[in-house]
>>> print(open('start_33.cif').read())   # mmCIF, C-alpha atoms
data_start
loop_
_atom_site.group_PDB
_atom_site.id
_atom_site.type_symbol
_atom_site.label_atom_id
_atom_site.label_comp_id
_atom_site.auth_asym_id
_atom_site.auth_seq_id
_atom_site.Cartn_x
_atom_site.Cartn_y
_atom_site.Cartn_z
ATOM 1 C CA MET A 32 4.648 5.546 9.869
ATOM 2 C CA ALA A 33 5.566 2.295 11.477
ATOM 3 C CA SER A 34 2.900 3.021 14.058
ATOM 4 C CA SER A 35 0.254 2.787 11.378
ATOM 5 C CA ILE A 36 1.054 -0.912 10.944
ATOM 6 C CA GLN A 37 1.410 -1.393 14.686
ATOM 7 C CA GLU A 38 -2.302 -0.908 15.225
ATOM 8 C CA TRP A 39 -2.965 -4.202 13.417
ATOM 9 C CA LYS A 40 -0.874 -6.212 15.871
ATOM 10 C CA GLY A 41 -2.666 -9.458 16.722
ATOM 11 C CA LYS A 42 -5.171 -8.926 13.927
ATOM 12 C CA ALA A 43 -5.574 -10.724 10.623
ATOM 13 C CA ILE A 44 -3.919 -8.810 7.824
ATOM 14 C CA CYS A 45 -3.127 -9.293 4.182
ATOM 15 C CA VAL A 46 0.339 -8.560 2.821
ATOM 16 C CA VAL A 47 0.768 -8.032 -0.896
ATOM 17 C CA THR A 48 4.382 -8.519 -1.918
ATOM 18 C CA SER A 49 6.185 -6.857 -4.780
ATOM 19 C CA ASP A 50 6.240 -10.154 -6.685
ATOM 20 C CA GLY A 51 2.446 -10.104 -6.636
ATOM 21 C CA ARG A 52 1.749 -12.702 -3.962
ATOM 22 C CA THR A 53 -0.911 -12.259 -1.313
ATOM 23 C CA ILE A 54 -0.168 -13.627 2.109
ATOM 24 C CA MET A 55 -2.705 -13.554 4.912
ATOM 25 C CA GLY A 56 -1.861 -14.025 8.560
ATOM 26 C CA ASP A 57 -2.026 -12.616 12.059
ATOM 27 C CA LEU A 58 0.466 -9.817 12.593
ATOM 28 C CA VAL A 59 2.780 -10.571 15.501
ATOM 29 C CA GLY A 60 5.522 -8.073 14.832
ATOM 30 C CA ASN A 61 6.762 -5.317 12.578
ATOM 31 C CA ASP A 62 9.415 -2.626 12.491
ATOM 32 C CA GLN A 63 10.148 0.732 10.902
ATOM 33 C CA VAL A 64 11.192 -0.760 7.545
ATOM 34 C CA GLN A 65 8.030 -2.844 7.170
ATOM 35 C CA ASN A 66 9.625 -6.176 7.997
ATOM 36 C CA VAL A 67 6.637 -8.163 9.205
ATOM 37 C CA ILE A 68 6.154 -11.368 11.143
ATOM 38 C CA LEU A 69 2.955 -13.285 10.482
ATOM 39 C CA GLU A 70 1.534 -16.157 12.482
ATOM 40 C CA ASP A 71 -0.583 -18.885 10.853
ATOM 41 C CA ALA A 72 0.268 -17.368 7.516
ATOM 42 C CA GLN A 73 -1.265 -18.691 4.351
ATOM 43 C CA GLU A 74 -0.678 -17.727 0.783
ATOM 44 C CA ARG A 75 -3.667 -17.354 -1.506
ATOM 45 C CA ILE A 76 -2.543 -18.304 -4.986
ATOM 46 C CA TYR A 77 -4.558 -16.867 -7.829
ATOM 47 C CA SER A 78 -4.254 -18.392 -11.267
ATOM 48 C CA ASN A 79 -6.007 -17.971 -14.594
ATOM 49 C CA ASP A 80 -7.394 -21.469 -14.907
ATOM 50 C CA ALA A 81 -8.098 -22.619 -11.357
ATOM 51 C CA PRO A 82 -9.864 -21.273 -8.297
ATOM 52 C CA VAL A 83 -7.807 -19.860 -5.461
ATOM 53 C CA GLU A 84 -5.447 -22.333 -3.861
ATOM 54 C CA THR A 85 -4.469 -21.787 -0.243
ATOM 55 C CA VAL A 86 -1.090 -22.910 1.015
ATOM 56 C CA GLU A 87 -0.333 -23.004 4.730
ATOM 57 C CA LEU A 88 2.956 -21.303 5.544
ATOM 58 C CA GLY A 89 2.927 -21.203 9.345
ATOM 59 C CA LEU A 90 5.103 -18.585 11.003
ATOM 60 C CA TYR A 91 6.406 -16.319 8.305
ATOM 61 C CA VAL A 92 8.784 -13.383 8.165
ATOM 62 C CA ILE A 93 8.648 -11.023 5.213
ATOM 63 C CA ARG A 94 11.485 -8.626 4.619
ATOM 64 C CA GLY A 95 10.333 -5.035 4.211
ATOM 65 C CA ASP A 96 11.910 -4.585 0.775
ATOM 66 C CA ASN A 97 9.449 -7.050 -0.681
ATOM 67 C CA VAL A 98 6.363 -5.533 0.850
ATOM 68 C CA CYS A 99 4.015 -3.684 -1.457
ATOM 69 C CA MET A 100 0.933 -3.211 0.710
ATOM 70 C CA ILE A 101 -0.251 -4.225 4.140
ATOM 71 C CA ALA A 102 -3.964 -4.104 4.767
ATOM 72 C CA ASP A 103 -6.732 -5.386 6.941
ATOM 73 C CA TYR A 104 -9.534 -7.102 5.082
ATOM 74 C CA ASP A 105 -13.132 -8.221 5.200
ATOM 75 C CA LYS A 106 -13.236 -12.045 5.290
ATOM 76 C CA GLU A 107 -16.718 -12.010 3.765
ATOM 77 C CA LYS A 108 -15.488 -10.270 0.669
ATOM 78 C CA LEU A 109 -12.661 -12.633 -0.266
ATOM 79 C CA VAL A 110 -13.058 -13.848 -3.833
ATOM 80 C CA ASP A 111 -12.108 -17.438 -4.652
ATOM 81 C CA THR A 112 -12.672 -17.460 -8.380
ATOM 82 C CA ALA A 113 -9.912 -17.797 -10.949
ATOM 83 C CA ALA A 114 -8.129 -14.520 -11.660
ATOM 84 C CA PRO A 115 -4.860 -13.513 -13.211
ATOM 85 C CA PRO A 116 -2.130 -13.131 -10.576
ATOM 86 C CA LEU A 117 -1.118 -9.573 -9.667
ATOM 87 C CA PRO A 118 1.684 -8.153 -11.787
ATOM 88 C CA THR A 119 5.105 -8.069 -10.195
ATOM 89 C CA ILE A 120 7.103 -4.954 -9.464
ATOM 90 C CA LEU A 121 10.568 -5.181 -10.879
ATOM 91 C CA GLN A 122 13.126 -4.148 -8.321
ATOM 92 C CA GLN A 123 16.255 -2.283 -9.103
ATOM 93 C CA GLN A 124 19.402 -4.245 -8.478
ATOM 94 C CA HIS A 125 21.850 -2.356 -6.329
ATOM 95 C CA MET B 380 10.617 17.656 3.227
ATOM 96 C CA ILE B 381 8.408 19.819 1.056
ATOM 97 C CA PHE B 382 6.457 16.894 -0.381
ATOM 98 C CA LEU B 383 5.917 15.435 3.058
ATOM 99 C CA SER B 384 4.423 18.730 4.224
ATOM 100 C CA PHE B 385 2.426 18.922 1.022
ATOM 101 C CA PHE B 386 0.915 15.458 1.444
ATOM 102 C CA LYS B 387 0.187 16.222 5.088
ATOM 103 C CA THR B 388 -2.106 19.019 3.934
ATOM 104 C CA LEU B 389 -4.084 16.386 2.017
ATOM 105 C CA VAL B 390 -4.796 14.198 5.042
ATOM 106 C CA GLY B 391 -8.514 13.387 5.167
ATOM 107 C CA LYS B 392 -8.964 13.943 1.447
ATOM 108 C CA GLU B 393 -9.910 11.332 -1.113
ATOM 109 C CA ILE B 394 -6.917 10.406 -3.294
ATOM 110 C CA ALA B 395 -6.069 7.782 -5.894
ATOM 111 C CA VAL B 396 -2.791 5.907 -5.789
ATOM 112 C CA GLU B 397 -1.314 4.107 -8.758
ATOM 113 C CA LEU B 398 1.222 1.461 -7.864
ATOM 114 C CA LYS B 399 4.127 0.271 -9.980
ATOM 115 C CA ASN B 400 2.189 -2.922 -10.678
ATOM 116 C CA ASP B 401 -0.489 -0.808 -12.439
ATOM 117 C CA VAL B 402 -3.067 -1.265 -9.665
ATOM 118 C CA VAL B 403 -5.012 1.924 -8.957
ATOM 119 C CA MET B 404 -6.713 2.336 -5.601
ATOM 120 C CA THR B 405 -8.715 5.161 -4.120
ATOM 121 C CA GLY B 406 -9.183 5.940 -0.478
ATOM 122 C CA THR B 407 -9.071 8.585 2.209
ATOM 123 C CA LEU B 408 -5.544 9.649 3.074
ATOM 124 C CA HIS B 409 -4.924 8.842 6.731
ATOM 125 C CA SER B 410 -1.206 9.466 7.153
ATOM 126 C CA VAL B 411 2.106 9.954 5.362
ATOM 127 C CA ASP B 412 5.651 9.607 6.611
ATOM 128 C CA GLN B 413 9.115 10.711 5.494
ATOM 129 C CA TYR B 414 9.424 7.873 2.965
ATOM 130 C CA LEU B 415 6.031 8.841 1.535
ATOM 131 C CA ASN B 416 4.631 5.576 2.795
ATOM 132 C CA ILE B 417 0.935 6.255 2.905
ATOM 133 C CA LYS B 418 -2.025 4.860 4.718
ATOM 134 C CA LEU B 419 -5.433 4.898 3.106
ATOM 135 C CA LEU B 420 -8.766 4.254 4.778
ATOM 136 C CA ASN B 421 -11.672 2.495 3.065
ATOM 137 C CA VAL B 422 -9.757 1.652 -0.068
ATOM 138 C CA LYS B 423 -11.464 0.678 -3.280
ATOM 139 C CA VAL B 424 -9.700 -0.878 -6.220
ATOM 140 C CA VAL B 425 -10.494 1.011 -9.395
ATOM 141 C CA ASN B 426 -10.630 -2.137 -11.519
ATOM 142 C CA PRO B 427 -12.163 -4.764 -9.179
ATOM 143 C CA ASP B 428 -12.893 -7.251 -11.987
ATOM 144 C CA LYS B 429 -9.228 -7.359 -12.874
ATOM 145 C CA TYR B 430 -7.911 -7.479 -9.316
ATOM 146 C CA PRO B 431 -10.383 -9.565 -7.263
ATOM 147 C CA GLN B 432 -7.623 -10.360 -4.767
ATOM 148 C CA LEU B 433 -7.765 -6.741 -3.581
ATOM 149 C CA VAL B 434 -11.503 -6.144 -3.199
ATOM 150 C CA ALA B 435 -11.593 -7.424 0.377
ATOM 151 C CA LEU B 436 -9.035 -4.870 1.569
ATOM 152 C CA GLN B 437 -10.296 -2.137 3.878
ATOM 153 C CA ASN B 438 -7.579 0.042 5.339
ATOM 154 C CA CYS B 439 -4.318 -0.142 3.549
ATOM 155 C CA PHE B 440 -0.694 0.783 4.217
ATOM 156 C CA VAL B 441 1.206 1.331 0.972
ATOM 157 C CA ARG B 442 4.997 1.320 0.923
ATOM 158 C CA GLY B 443 6.295 4.533 -0.640
ATOM 159 C CA SER B 444 8.744 2.658 -2.869
ATOM 160 C CA VAL B 445 5.951 0.942 -4.830
ATOM 161 C CA VAL B 446 3.966 4.079 -5.601
ATOM 162 C CA ARG B 447 4.071 5.387 -9.180
ATOM 163 C CA TYR B 448 1.525 8.213 -9.070
ATOM 164 C CA ILE B 449 -0.703 9.881 -6.544
ATOM 165 C CA GLN B 450 -3.726 11.548 -8.063
ATOM 166 C CA ILE B 451 -5.190 14.405 -6.064
ATOM 167 C CA PRO B 452 -8.282 16.510 -6.571
ATOM 168 C CA PRO B 453 -7.098 19.902 -7.939
ATOM 169 C CA GLU B 454 -9.408 21.848 -5.642
ATOM 170 C CA HIS B 455 -7.410 20.655 -2.636
ATOM 171 C CA VAL B 456 -4.114 21.979 -3.960
ATOM 172 C CA ASP B 457 -3.034 25.560 -3.443
ATOM 173 C CA THR B 458 -0.612 25.772 -6.363
ATOM 174 C CA GLU B 459 0.552 29.245 -5.440
ATOM 175 C CA LEU B 460 1.444 28.204 -1.921
ATOM 176 C CA LEU B 461 3.191 25.129 -3.309
ATOM 177 C CA GLN B 462 5.186 27.188 -5.758
ATOM 178 C CA ASP B 463 6.216 29.632 -3.047
ATOM 179 C CA ALA B 464 7.288 26.779 -0.817
ATOM 180 C CA ALA B 465 9.271 25.200 -3.653
ATOM 181 C CA ARG B 466 11.046 28.506 -4.327
ATOM 182 C CA LYS B 467 11.911 28.918 -0.668
ATOM 183 C CA GLU B 468 13.214 25.370 -0.470
ATOM 184 C CA ASN B 469 15.493 25.967 -3.438
ATOM 185 C CA ALA B 470 16.537 29.472 -2.516
ATOM 186 C CA PRO B 471 20.328 29.885 -2.332
ATOM 187 C CA ALA B 472 21.620 29.788 1.226
ATOM 188 C CA LYS B 473 22.538 33.202 2.563
#
>>> encode(input="start_33.cif", output="structure tokens")
Amino acid sequence: MASSIQEWKGKAICVVTSDGRTIMGDLVGNDQVQNVILEDAQERIYSNDAPVETVELGLYVIRGDNVCMIADYDKEKLVDTAAPPLPTILQQQH
Amino acid sequence: MIFLSFFKTLVGKEIAVELKNDVVMTGTLHSVDQYLNIKLLNVKVVNPDKYPQLVALQNCFVRGSVVRYIQIPPEHVDTELLQDAARKENAPAK
């Protein structure tokens, strides 16, 4: 339900995309197909041989097709150690 | 709509969701919609050492299109009722 994302409006959320990226930001808008608008977005880049790198993205719009998960998170529990990036989800070409 | 109704009977139960990127998460089912998008409360990643980027997540909206399996405790499924419902759904129109 779109309303289940709505309740995070104005809050910090984490979006995991189907290509395995994790993008954190404050939710400013969303719709029924999970398009999301994030403010002060930053991508947390995980790699095998380096600790997490954070890249500032600013205002960011993610098209719903590419969304895998949307979640709220506990800032205290973020892990900054090196880790393999999440696997991607291959999308069918229409 | 039979699977929507079926998953609605599992609201509040602990389920495990395997995504197409091989991540498995468990959590309490909060809601489902017509696309089988699901929302889980208090999610835990089954393999936190492998996916440290997901351990901080708390409540999670999962897009239906990225779900591969949903594992449900057998005691919460009334297979007879499900079979009856499936037969009714597929019954020839009179």
>>> atom_distance(input="start_33.cif", atom1="atom CA of A:Gly95", atom2="atom CA of A:Asp62")
8.7 Å
>>> closest_atom_pairs(input="start_33.cif", of="chain B", to="chain A", cutoff="10 Å", atoms="all atoms listed in the file", output="CSV")
residue,atom,partner,partner_atom,distance
B:Leu398,CA,A:Cys99,CA,8.7
B:Lys399,CA,A:Ile120,CA,6.0
B:Asn400,CA,A:Pro118,CA,5.4
B:Asp401,CA,A:Pro118,CA,7.7
B:Val402,CA,A:Leu117,CA,8.5
B:His409,CA,A:Ser35,CA,9.2
B:Ser410,CA,A:Met32,CA,7.6
B:Val411,CA,A:Met32,CA,6.8
B:Asp412,CA,A:Met32,CA,5.3
B:Gln413,CA,A:Met32,CA,8.1
B:Tyr414,CA,A:Met32,CA,8.7
B:Leu415,CA,A:Met32,CA,9.1
B:Asn416,CA,A:Met32,CA,7.1
B:Ile417,CA,A:Met32,CA,7.9
B:Lys418,CA,A:Ser35,CA,7.3
B:Leu419,CA,A:Ala102,CA,9.3
B:Leu420,CA,A:Ala102,CA,9.6
B:Val422,CA,A:Ala102,CA,9.5
B:Asp428,CA,A:Ala114,CA,8.7
B:Lys429,CA,A:Ala114,CA,7.3
B:Tyr430,CA,A:Leu117,CA,7.1
B:Pro431,CA,A:Val110,CA,6.1
B:Gln432,CA,A:Val110,CA,6.5
B:Leu433,CA,A:Leu109,CA,8.3
B:Val434,CA,A:Lys108,CA,6.9
B:Ala435,CA,A:Lys108,CA,4.8
B:Leu436,CA,A:Tyr104,CA,4.2
B:Gln437,CA,A:Tyr104,CA,5.2
B:Asn438,CA,A:Ala102,CA,5.5
B:Cys439,CA,A:Ala102,CA,4.2
B:Phe440,CA,A:Ile101,CA,5.0
B:Val441,CA,A:Met100,CA,4.6
B:Arg442,CA,A:Cys99,CA,5.6
B:Gly443,CA,A:Cys99,CA,8.6
B:Ser444,CA,A:Cys99,CA,8.0
B:Val445,CA,A:Cys99,CA,6.0
B:Val446,CA,A:Cys99,CA,8.8
>>> residues_around(input="start_33.cif", residues="stretch 452-469 of chain B", least_positions_apart="6", cutoff="12 Å", atoms="only C-alpha atoms", output="number ranges by chain")
B: 380-396, 405, 407
>>> axis_aligned_box(input="start_33.cif", around="stretch 51-63 of chain A", padding_each_side="6 Å", output="AutoDock Vina command-line options")
--center_x 3.7 --center_y -6.6 --center_z 4.4 --size_x 24.9 --size_y 26.8 --size_z 34.1
>>> atom_distance(input="start_33.cif", atom1="atom CA of B:Ile451", atom2="atom CA of B:Asn421")
16.3 Å
>>> atom_distance(input="start_33.cif", atom1="atom CA of A:Asn66", atom2="atom CA of A:Glu84")
25.1 Å
>>> resolve_selection(input="start_33.cif", expression="the PyMOL selection byres ((chain A and resi 93) around 6)", output="list of chain:residue names")
A:Asn66, A:Val67, A:Val92, A:Arg94
>>> residues_around(input="start_33.cif", residues="A:Lys42", least_positions_apart="2", cutoff="6 Å", atoms="only C-alpha atoms", output="list in words")
Trp39, Lys40, Asp57 and Leu58 of chain A
>>> residues_around(input="start_33.cif", residues="A:Glu70", least_positions_apart="4", cutoff="10 Å", atoms="all atoms listed in the file", output="list in words")
Gly41, Lys42, Ala43, Met55, Gly56, Asp57, Leu58, Val59, Gly60, Leu88, Gly89, Leu90, Tyr91 and Val92 of chain A
>>> build_atoms(input="start_33.cif", residues="stretch 91-120 of chain A", atoms="N, CA and C atoms", output="PDB file, in the frame of the given file")
ATOM      1  N   TYR A  91       5.770 -16.817   9.520  1.00  0.00           N
ATOM      2  CA  TYR A  91       6.406 -16.319   8.305  1.00  0.00           C
ATOM      3  C   TYR A  91       6.968 -14.927   8.541  1.00  0.00           C
ATOM      4  N   VAL A  92       8.186 -14.710   8.072  1.00  0.00           N
ATOM      5  CA  VAL A  92       8.784 -13.383   8.165  1.00  0.00           C
ATOM      6  C   VAL A  92       8.958 -12.839   6.758  1.00  0.00           C
ATOM      7  N   ILE A  93       8.498 -11.642   6.529  1.00  0.00           N
ATOM      8  CA  ILE A  93       8.648 -11.023   5.213  1.00  0.00           C
ATOM      9  C   ILE A  93       9.541  -9.807   5.358  1.00  0.00           C
ATOM     10  N   ARG A  94      10.585  -9.762   4.559  1.00  0.00           N
ATOM     11  CA  ARG A  94      11.485  -8.626   4.619  1.00  0.00           C
ATOM     12  C   ARG A  94      10.822  -7.405   3.979  1.00  0.00           C
ATOM     13  N   GLY A  95      11.021  -6.261   4.612  1.00  0.00           N
ATOM     14  CA  GLY A  95      10.333  -5.035   4.211  1.00  0.00           C
ATOM     15  C   GLY A  95      10.487  -4.645   2.754  1.00  0.00           C
ATOM     16  N   ASP A  96      11.666  -4.920   2.185  1.00  0.00           N
ATOM     17  CA  ASP A  96      11.910  -4.585   0.775  1.00  0.00           C
ATOM     18  C   ASP A  96      10.834  -5.133  -0.148  1.00  0.00           C
ATOM     19  N   ASN A  97      10.360  -6.334   0.218  1.00  0.00           N
ATOM     20  CA  ASN A  97       9.449  -7.050  -0.681  1.00  0.00           C
ATOM     21  C   ASN A  97       7.995  -6.719  -0.450  1.00  0.00           C
ATOM     22  N   VAL A  98       7.748  -5.863   0.537  1.00  0.00           N
ATOM     23  CA  VAL A  98       6.363  -5.533   0.850  1.00  0.00           C
ATOM     24  C   VAL A  98       5.848  -4.466  -0.103  1.00  0.00           C
ATOM     25  N   CYS A  99       4.660  -4.673  -0.601  1.00  0.00           N
ATOM     26  CA  CYS A  99       4.015  -3.684  -1.457  1.00  0.00           C
ATOM     27  C   CYS A  99       2.912  -2.989  -0.655  1.00  0.00           C
ATOM     28  N   MET A 100       2.005  -3.777  -0.108  1.00  0.00           N
ATOM     29  CA  MET A 100       0.933  -3.211   0.710  1.00  0.00           C
ATOM     30  C   MET A 100       0.690  -4.102   1.915  1.00  0.00           C
ATOM     31  N   ILE A 101       0.212  -3.482   2.969  1.00  0.00           N
ATOM     32  CA  ILE A 101      -0.251  -4.225   4.140  1.00  0.00           C
ATOM     33  C   ILE A 101      -1.645  -3.695   4.442  1.00  0.00           C
ATOM     34  N   ALA A 102      -2.595  -4.586   4.584  1.00  0.00           N
ATOM     35  CA  ALA A 102      -3.964  -4.104   4.767  1.00  0.00           C
ATOM     36  C   ALA A 102      -4.764  -5.049   5.637  1.00  0.00           C
ATOM     37  N   ASP A 103      -5.766  -4.495   6.303  1.00  0.00           N
ATOM     38  CA  ASP A 103      -6.732  -5.386   6.941  1.00  0.00           C
ATOM     39  C   ASP A 103      -7.843  -5.641   5.921  1.00  0.00           C
ATOM     40  N   TYR A 104      -8.582  -6.716   6.124  1.00  0.00           N
ATOM     41  CA  TYR A 104      -9.534  -7.102   5.082  1.00  0.00           C
ATOM     42  C   TYR A 104     -10.814  -7.653   5.671  1.00  0.00           C
ATOM     43  N   ASP A 105     -11.820  -7.700   4.831  1.00  0.00           N
ATOM     44  CA  ASP A 105     -13.132  -8.221   5.200  1.00  0.00           C
ATOM     45  C   ASP A 105     -13.224  -9.665   4.706  1.00  0.00           C
ATOM     46  N   LYS A 106     -13.233 -10.611   5.651  1.00  0.00           N
ATOM     47  CA  LYS A 106     -13.236 -12.045   5.290  1.00  0.00           C
ATOM     48  C   LYS A 106     -14.395 -12.391   4.357  1.00  0.00           C
ATOM     49  N   GLU A 107     -15.519 -11.717   4.565  1.00  0.00           N
ATOM     50  CA  GLU A 107     -16.718 -12.010   3.765  1.00  0.00           C
ATOM     51  C   GLU A 107     -16.507 -11.699   2.289  1.00  0.00           C
ATOM     52  N   LYS A 108     -15.611 -10.766   2.039  1.00  0.00           N
ATOM     53  CA  LYS A 108     -15.488 -10.270   0.669  1.00  0.00           C
ATOM     54  C   LYS A 108     -14.393 -10.959  -0.142  1.00  0.00           C
ATOM     55  N   LEU A 109     -13.721 -11.937   0.470  1.00  0.00           N
ATOM     56  CA  LEU A 109     -12.661 -12.633  -0.266  1.00  0.00           C
ATOM     57  C   LEU A 109     -13.254 -13.351  -1.471  1.00  0.00           C
ATOM     58  N   VAL A 110     -12.577 -13.240  -2.595  1.00  0.00           N
ATOM     59  CA  VAL A 110     -13.058 -13.848  -3.833  1.00  0.00           C
ATOM     60  C   VAL A 110     -12.205 -15.071  -4.144  1.00  0.00           C
ATOM     61  N   ASP A 111     -12.867 -16.210  -4.421  1.00  0.00           N
ATOM     62  CA  ASP A 111     -12.108 -17.438  -4.652  1.00  0.00           C
ATOM     63  C   ASP A 111     -12.072 -17.874  -6.114  1.00  0.00           C
ATOM     64  N   THR A 112     -12.626 -17.052  -6.977  1.00  0.00           N
ATOM     65  CA  THR A 112     -12.672 -17.460  -8.380  1.00  0.00           C
ATOM     66  C   THR A 112     -11.303 -17.284  -9.042  1.00  0.00           C
ATOM     67  N   ALA A 113     -11.165 -17.915 -10.203  1.00  0.00           N
ATOM     68  CA  ALA A 113      -9.912 -17.797 -10.949  1.00  0.00           C
ATOM     69  C   ALA A 113      -9.704 -16.346 -11.367  1.00  0.00           C
ATOM     70  N   ALA A 114      -8.464 -15.885 -11.261  1.00  0.00           N
ATOM     71  CA  ALA A 114      -8.129 -14.520 -11.660  1.00  0.00           C
ATOM     72  C   ALA A 114      -6.654 -14.477 -12.001  1.00  0.00           C
ATOM     73  N   PRO A 115      -6.282 -13.609 -12.912  1.00  0.00           N
ATOM     74  CA  PRO A 115      -4.860 -13.513 -13.211  1.00  0.00           C
ATOM     75  C   PRO A 115      -4.099 -13.033 -11.983  1.00  0.00           C
ATOM     76  N   PRO A 116      -2.916 -13.588 -11.730  1.00  0.00           N
ATOM     77  CA  PRO A 116      -2.130 -13.131 -10.576  1.00  0.00           C
ATOM     78  C   PRO A 116      -1.760 -11.659 -10.729  1.00  0.00           C
ATOM     79  N   LEU A 117      -1.519 -10.989  -9.616  1.00  0.00           N
ATOM     80  CA  LEU A 117      -1.118  -9.573  -9.667  1.00  0.00           C
ATOM     81  C   LEU A 117       0.218  -9.443 -10.384  1.00  0.00           C
ATOM     82  N   PRO A 118       0.386  -8.358 -11.135  1.00  0.00           N
ATOM     83  CA  PRO A 118       1.684  -8.153 -11.787  1.00  0.00           C
ATOM     84  C   PRO A 118       2.782  -7.944 -10.744  1.00  0.00           C
ATOM     85  N   THR A 119       3.999  -8.269 -11.124  1.00  0.00           N
ATOM     86  CA  THR A 119       5.105  -8.069 -10.195  1.00  0.00           C
ATOM     87  C   THR A 119       5.674  -6.667 -10.369  1.00  0.00           C
ATOM     88  N   ILE A 120       6.401  -6.227  -9.369  1.00  0.00           N
ATOM     89  CA  ILE A 120       7.103  -4.954  -9.464  1.00  0.00           C
ATOM     90  C   ILE A 120       8.579  -5.277  -9.585  1.00  0.00           C
TER      91      ILE A 120
END
